[in-house]
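One structure below.
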Amino acid sequence: MKKQVLAVAAALLLAGCGSGQIGDTGGGGTDPNNKNLALLTGMRGEPFYVSLECAAKAEAAAAGYQLNAQAPEKFEQAEQSQMLTGIIGTKPGAVIIAPADDKALAAPLQQAKNNGVKVVEVDTALEDRSIASASLSSSNYAGGKLAAETLSKLVGDRPGSVLALNTKAGTSTTDERAQGFEEEIAKHPNLRLLPTQYTENEPATAAQIVSATLAANPDLVGVFGTNLNTGEGAGTALDNAGRSGQVQLVGFDASPKQVEDLRNGRVQALIAQDPAGIGREGVKNAIAAIKGEPVQRETKTGTIAITRESMDAQQHYFYRSEC
């Protein structure tokens with residue numbers, strides 16, 4: 001594996017860069033003394049969200065606030081919307097949320113705002129930028145570009161086709177990662193980008209798609225999984241086909257399973273985020289919004305490429321499976 005891959009990881013985690021806009025500064029009937037916060041992440045048990053939740057709980061407790069954390073069983077807007085309705089009824093000072101759909105969650109979150117509940121987006125965001133006081137996420141477009149740069153270095157000069165696996169259409173984070181990946185891969189003439197496939201965030205579906213792609217495209221040299229579920233599914237398919245290491249796999253996120261796959265050679269590189277940092281800053285922004293203090297409307301954190309060669313030195317980027 002080439003040493004140059006390590007140099008690709010130039011982006012530093014927690015190097016937050018604002019959009020230059022200051023978000024909501026309070027008002028709207030919010031009680032500045034409300035000490036109750038709600039956290040609604042995208043999916044229960046997913047290591048990215050577990051890491052985010054653990055850090056958010058610790059930050060809230062240190063600040064003297066109560067944090068009620070919930071998550072749907074699957075990354076679906078219907079269950080998340082139902083849970084959000086219940087949360088609004090408890091009248092927290094703020095809801096910190098990873099919207100599962102960038103359009104469908106707009107109406108219930110607007111209702112929350114109308115009822116004096118501050119809205120802070122973490123990881124994913126609504127298309128309507130007028131509802132939330134603040135949004136915090138990784139620079140997902142840049143992360144997608146980093147994945148493409150990393151994959152191209154792993155493949156080298158070999159010609160062949162490349163597949164990107166997205167999750168659900170309308171998921172802001174993975175759509176941005178796929179876009180960054182597609183635009184960067186286009187700069188490498190030896191690589192032919194196949195149409196992006198959607199997995200509905202199911203590892204089994206990702207595995208089926210990769211298996212079918214291998215059969216239809218024997219020149220497949222690379223796969224990019226835009227999140228941990230797509231990466232895990234792709235790794236399973238490549239292993240079952242005896243193509244691990246022959247087809248270079250770059251995953252997004254550093255879940256325990258993805259890290260294990262990196263160590264045993266089923267994955268060649270991971271693009272890691274900083275969910276703990278996003279969770280901590282999400283709570284800080286929520287508290288500031290409740291108090292009517294200025295908050296940065298949009299903050300982006302960096303991503304880093306981890307390879308088998310560098311993983312022991314970069315294990316502090318690995319995600320947690322429990323608090």
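Just so we're on the same page: first chain in the structure tokens is A, next is B, and so on; residues restart at 1 for each chain, and ligands are numbered from 1 in the order they show up.
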Output as JSON lines one row per residue of stretch 57-122 of chain A within 12 Å of stretch 298-307 of chain A: the closest atom pair and its distance in Å to one decimal place, counting only C-alpha atoms, sorted by chain and residue number ascending.
{"residue": "A:Val120", "atom": "CA", "partner": "A:Glu298", "partner_atom": "CA", "distance": 10.0}
{"residue": "A:Glu121", "atom": "CA", "partner": "A:Glu298", "partner_atom": "CA", "distance": 9.3}
{"residue": "A:Val122", "atom": "CA", "partner": "A:Thr299", "partner_atom": "CA", "distance": 9.7}
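Residues of stretch 74-131 of chain A that DSSP places in strand (DSSP E or B), based on the backbone of this structure, are Ala94, Val95, Ile96, Ile97, Lys118, Val119, Val120, Glu121 and Val122 of chain A.
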Residue contacts of A:Ala234 (12 Å, only C-alpha atoms) excluding same-chain residues fewer than 4 positions away, as a PDB file with N, CA and C atoms, in the first residue's frame:
ATOM      1  N   LEU A 163     -17.250   2.032  -8.551  1.00  0.00           N
ATOM      2  CA  LEU A 163     -18.645   2.110  -8.117  1.00  0.00           C
ATOM      3  C   LEU A 163     -18.755   2.910  -6.829  1.00  0.00           C
ATOM      4  N   ALA A 164     -19.720   3.831  -6.776  1.00  0.00           N
ATOM      5  CA  ALA A 164     -20.061   4.543  -5.546  1.00  0.00           C
ATOM      6  C   ALA A 164     -21.405   4.037  -5.046  1.00  0.00           C
ATOM      7  N   LEU A 165     -21.470   3.704  -3.755  1.00  0.00           N
ATOM      8  CA  LEU A 165     -22.699   3.231  -3.120  1.00  0.00           C
ATOM      9  C   LEU A 165     -23.247   4.329  -2.215  1.00  0.00           C
ATOM     10  N   ASN A 166     -24.417   4.859  -2.560  1.00  0.00           N
ATOM     11  CA  ASN A 166     -25.089   5.851  -1.721  1.00  0.00           C
ATOM     12  C   ASN A 166     -26.130   5.132  -0.863  1.00  0.00           C
ATOM     13  N   GLN A 197     -25.252   3.730  -7.136  1.00  0.00           N
ATOM     14  CA  GLN A 197     -26.341   2.848  -6.708  1.00  0.00           C
ATOM     15  C   GLN A 197     -26.780   3.213  -5.287  1.00  0.00           C
ATOM     16  N   THR A 199     -28.561   1.982  -1.688  1.00  0.00           N
ATOM     17  CA  THR A 199     -28.672   0.752  -0.899  1.00  0.00           C
ATOM     18  C   THR A 199     -29.792   0.786   0.135  1.00  0.00           C
ATOM     19  N   ASN A 201     -29.592   2.132   2.793  1.00  0.00           N
ATOM     20  CA  ASN A 201     -28.851   2.033   4.058  1.00  0.00           C
ATOM     21  C   ASN A 201     -28.845   0.616   4.637  1.00  0.00           C
ATOM     22  N   GLU A 202     -28.975  -0.376   3.778  1.00  0.00           N
ATOM     23  CA  GLU A 202     -28.986  -1.777   4.213  1.00  0.00           C
ATOM     24  C   GLU A 202     -27.709  -2.480   3.751  1.00  0.00           C
ATOM     25  N   PRO A 203     -26.898  -3.018   4.675  1.00  0.00           N
ATOM     26  CA  PRO A 203     -25.685  -3.729   4.281  1.00  0.00           C
ATOM     27  C   PRO A 203     -25.945  -4.877   3.299  1.00  0.00           C
ATOM     28  N   ALA A 204     -27.037  -5.598   3.503  1.00  0.00           N
ATOM     29  CA  ALA A 204     -27.344  -6.732   2.621  1.00  0.00           C
ATOM     30  C   ALA A 204     -27.605  -6.256   1.200  1.00  0.00           C
ATOM     31  N   THR A 205     -28.281  -5.124   1.063  1.00  0.00           N
ATOM     32  CA  THR A 205     -28.545  -4.567  -0.272  1.00  0.00           C
ATOM     33  C   THR A 205     -27.245  -4.118  -0.920  1.00  0.00           C
ATOM     34  N   ALA A 206     -26.367  -3.500  -0.125  1.00  0.00           N
ATOM     35  CA  ALA A 206     -25.062  -3.084  -0.646  1.00  0.00           C
ATOM     36  C   ALA A 206     -24.284  -4.297  -1.153  1.00  0.00           C
ATOM     37  N   ALA A 207     -24.330  -5.386  -0.408  1.00  0.00           N
ATOM     38  CA  ALA A 207     -23.625  -6.602  -0.813  1.00  0.00           C
ATOM     39  C   ALA A 207     -24.186  -7.148  -2.121  1.00  0.00           C
ATOM     40  N   GLN A 208     -25.500  -7.137  -2.258  1.00  0.00           N
ATOM     41  CA  GLN A 208     -26.133  -7.629  -3.482  1.00  0.00           C
ATOM     42  C   GLN A 208     -25.731  -6.779  -4.682  1.00  0.00           C
ATOM     43  N   ILE A 209     -25.697  -5.462  -4.503  1.00  0.00           N
ATOM     44  CA  ILE A 209     -25.339  -4.561  -5.599  1.00  0.00           C
ATOM     45  C   ILE A 209     -23.891  -4.790  -6.036  1.00  0.00           C
ATOM     46  N   VAL A 210     -22.996  -4.929  -5.074  1.00  0.00           N
ATOM     47  CA  VAL A 210     -21.587  -5.147  -5.411  1.00  0.00           C
ATOM     48  C   VAL A 210     -21.406  -6.493  -6.109  1.00  0.00           C
ATOM     49  N   SER A 211     -22.096  -7.514  -5.654  1.00  0.00           N
ATOM     50  CA  SER A 211     -22.006  -8.827  -6.296  1.00  0.00           C
ATOM     51  C   SER A 211     -22.464  -8.749  -7.752  1.00  0.00           C
ATOM     52  N   ALA A 212     -23.574  -8.056  -7.980  1.00  0.00           N
ATOM     53  CA  ALA A 212     -24.088  -7.896  -9.343  1.00  0.00           C
ATOM     54  C   ALA A 212     -23.142  -7.063 -10.199  1.00  0.00           C
ATOM     55  N   THR A 213     -22.533  -6.044  -9.593  1.00  0.00           N
ATOM     56  CA  THR A 213     -21.602  -5.184 -10.330  1.00  0.00           C
ATOM     57  C   THR A 213     -20.354  -5.949 -10.722  1.00  0.00           C
ATOM     58  N   LEU A 214     -19.861  -6.814  -9.847  1.00  0.00           N
ATOM     59  CA  LEU A 214     -18.701  -7.640 -10.166  1.00  0.00           C
ATOM     60  C   LEU A 214     -18.981  -8.537 -11.367  1.00  0.00           C
ATOM     61  N   GLY A 222     -12.454  -0.513  -8.008  1.00  0.00           N
ATOM     62  CA  GLY A 222     -12.648   0.257  -6.783  1.00  0.00           C
ATOM     63  C   GLY A 222     -14.101   0.439  -6.425  1.00  0.00           C
ATOM     64  N   VAL A 223     -14.364   0.501  -5.118  1.00  0.00           N
ATOM     65  CA  VAL A 223     -15.710   0.752  -4.591  1.00  0.00           C
ATOM     66  C   VAL A 223     -15.592   1.778  -3.482  1.00  0.00           C
ATOM     67  N   PHE A 224     -16.544   2.714  -3.454  1.00  0.00           N
ATOM     68  CA  PHE A 224     -16.645   3.688  -2.362  1.00  0.00           C
ATOM     69  C   PHE A 224     -17.989   3.525  -1.680  1.00  0.00           C
ATOM     70  N   GLY A 225     -17.956   3.234  -0.381  1.00  0.00           N
ATOM     71  CA  GLY A 225     -19.171   3.159   0.418  1.00  0.00           C
ATOM     72  C   GLY A 225     -19.348   4.460   1.180  1.00  0.00           C
ATOM     73  N   THR A 226     -20.460   5.161   0.961  1.00  0.00           N
ATOM     74  CA  THR A 226     -20.619   6.502   1.515  1.00  0.00           C
ATOM     75  C   THR A 226     -20.945   6.530   3.003  1.00  0.00           C
ATOM     76  N   ASN A 227     -21.210   5.382   3.610  1.00  0.00           N
ATOM     77  CA  ASN A 227     -21.340   5.331   5.068  1.00  0.00           C
ATOM     78  C   ASN A 227     -20.978   3.930   5.543  1.00  0.00           C
ATOM     79  N   LEU A 228     -21.072   3.696   6.836  1.00  0.00           N
ATOM     80  CA  LEU A 228     -20.573   2.426   7.370  1.00  0.00           C
ATOM     81  C   LEU A 228     -21.396   1.234   6.895  1.00  0.00           C
ATOM     82  N   ASN A 229     -22.716   1.388   6.735  1.00  0.00           N
ATOM     83  CA  ASN A 229     -23.532   0.256   6.296  1.00  0.00           C
ATOM     84  C   ASN A 229     -23.216  -0.150   4.864  1.00  0.00           C
ATOM     85  N   THR A 230     -23.026   0.833   3.981  1.00  0.00           N
ATOM     86  CA  THR A 230     -22.676   0.497   2.602  1.00  0.00           C
ATOM     87  C   THR A 230     -21.277  -0.109   2.531  1.00  0.00           C
ATOM     88  N   LEU A 238     -17.212  -8.427  -1.547  1.00  0.00           N
ATOM     89  CA  LEU A 238     -15.881  -8.615  -2.119  1.00  0.00           C
ATOM     90  C   LEU A 238     -15.185  -9.824  -1.498  1.00  0.00           C
ATOM     91  N   ASP A 239     -15.378 -10.019  -0.198  1.00  0.00           N
ATOM     92  CA  ASP A 239     -14.779 -11.170   0.479  1.00  0.00           C
ATOM     93  C   ASP A 239     -15.379 -12.472  -0.034  1.00  0.00           C
ATOM     94  N   ASN A 240     -16.705 -12.489  -0.185  1.00  0.00           N
ATOM     95  CA  ASN A 240     -17.379 -13.701  -0.676  1.00  0.00           C
ATOM     96  C   ASN A 240     -16.935 -14.056  -2.094  1.00  0.00           C
ATOM     97  N   ALA A 241     -16.604 -13.029  -2.880  1.00  0.00           N
ATOM     98  CA  ALA A 241     -16.184 -13.253  -4.266  1.00  0.00           C
ATOM     99  C   ALA A 241     -14.686 -13.508  -4.382  1.00  0.00           C
ATOM    100  N   ARG A 243     -12.384 -11.283  -3.870  1.00  0.00           N
ATOM    101  CA  ARG A 243     -11.805 -10.125  -4.542  1.00  0.00           C
ATOM    102  C   ARG A 243     -11.309  -9.061  -3.563  1.00  0.00           C
ATOM    103  N   SER A 244     -11.297  -9.368  -2.270  1.00  0.00           N
ATOM    104  CA  SER A 244     -10.786  -8.405  -1.286  1.00  0.00           C
ATOM    105  C   SER A 244      -9.336  -8.073  -1.590  1.00  0.00           C
ATOM    106  N   VAL A 247     -10.047  -5.581  -5.615  1.00  0.00           N
ATOM    107  CA  VAL A 247     -10.901  -4.406  -5.784  1.00  0.00           C
ATOM    108  C   VAL A 247     -10.695  -3.544  -4.545  1.00  0.00           C
ATOM    109  N   GLN A 248     -10.184  -2.336  -4.730  1.00  0.00           N
ATOM    110  CA  GLN A 248      -9.886  -1.460  -3.602  1.00  0.00           C
ATOM    111  C   GLN A 248     -11.181  -0.880  -3.030  1.00  0.00           C
ATOM    112  N   LEU A 249     -11.380  -1.025  -1.730  1.00  0.00           N
ATOM    113  CA  LEU A 249     -12.590  -0.547  -1.071  1.00  0.00           C
ATOM    114  C   LEU A 249     -12.247   0.574  -0.098  1.00  0.00           C
ATOM    115  N   VAL A 250     -12.881   1.711  -0.299  1.00  0.00           N
ATOM    116  CA  VAL A 250     -12.754   2.845   0.611  1.00  0.00           C
ATOM    117  C   VAL A 250     -14.106   3.065   1.274  1.00  0.00           C
ATOM    118  N   GLY A 251     -14.133   2.983   2.594  1.00  0.00           N
ATOM    119  CA  GLY A 251     -15.359   3.186   3.345  1.00  0.00           C
ATOM    120  C   GLY A 251     -15.382   4.549   4.000  1.00  0.00           C
ATOM    121  N   PHE A 252     -16.566   4.941   4.421  1.00  0.00           N
ATOM    122  CA  PHE A 252     -16.730   6.210   5.133  1.00  0.00           C
ATOM    123  C   PHE A 252     -17.217   5.878   6.534  1.00  0.00           C
ATOM    124  N   GLN A 258     -15.941  -1.738  10.641  1.00  0.00           N
ATOM    125  CA  GLN A 258     -15.125  -1.204   9.559  1.00  0.00           C
ATOM    126  C   GLN A 258     -13.634  -1.238   9.926  1.00  0.00           C
ATOM    127  N   ASP A 261     -12.456  -4.700   9.542  1.00  0.00           N
ATOM    128  CA  ASP A 261     -12.286  -5.016   8.128  1.00  0.00           C
ATOM    129  C   ASP A 261     -11.023  -4.368   7.558  1.00  0.00           C
ATOM    130  N   ARG A 266     -10.114  -6.483   4.320  1.00  0.00           N
ATOM    131  CA  ARG A 266     -11.348  -6.425   3.526  1.00  0.00           C
ATOM    132  C   ARG A 266     -11.642  -4.995   3.075  1.00  0.00           C
ATOM    133  N   VAL A 267     -11.107  -4.023   3.796  1.00  0.00           N
ATOM    134  CA  VAL A 267     -11.211  -2.606   3.436  1.00  0.00           C
ATOM    135  C   VAL A 267      -9.796  -2.059   3.343  1.00  0.00           C
ATOM    136  N   GLN A 268      -9.548  -1.186   2.368  1.00  0.00           N
ATOM    137  CA  GLN A 268      -8.190  -0.660   2.181  1.00  0.00           C
ATOM    138  C   GLN A 268      -8.006   0.729   2.785  1.00  0.00           C
TER     139      GLN A 268
END
inquiry  = When DSSP is applied to the backbone of this structure, which of stretch 183-267 of chain A are assigned alpha helix (DSSP H)? Write them out as a count of residues only.
reply    = 39
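Closest approach to A:Val259 from the set A:Val283, A:Ala289, A:Leu191, A:Met311 is made by A:Met311, with distances taken over only C-alpha atoms.
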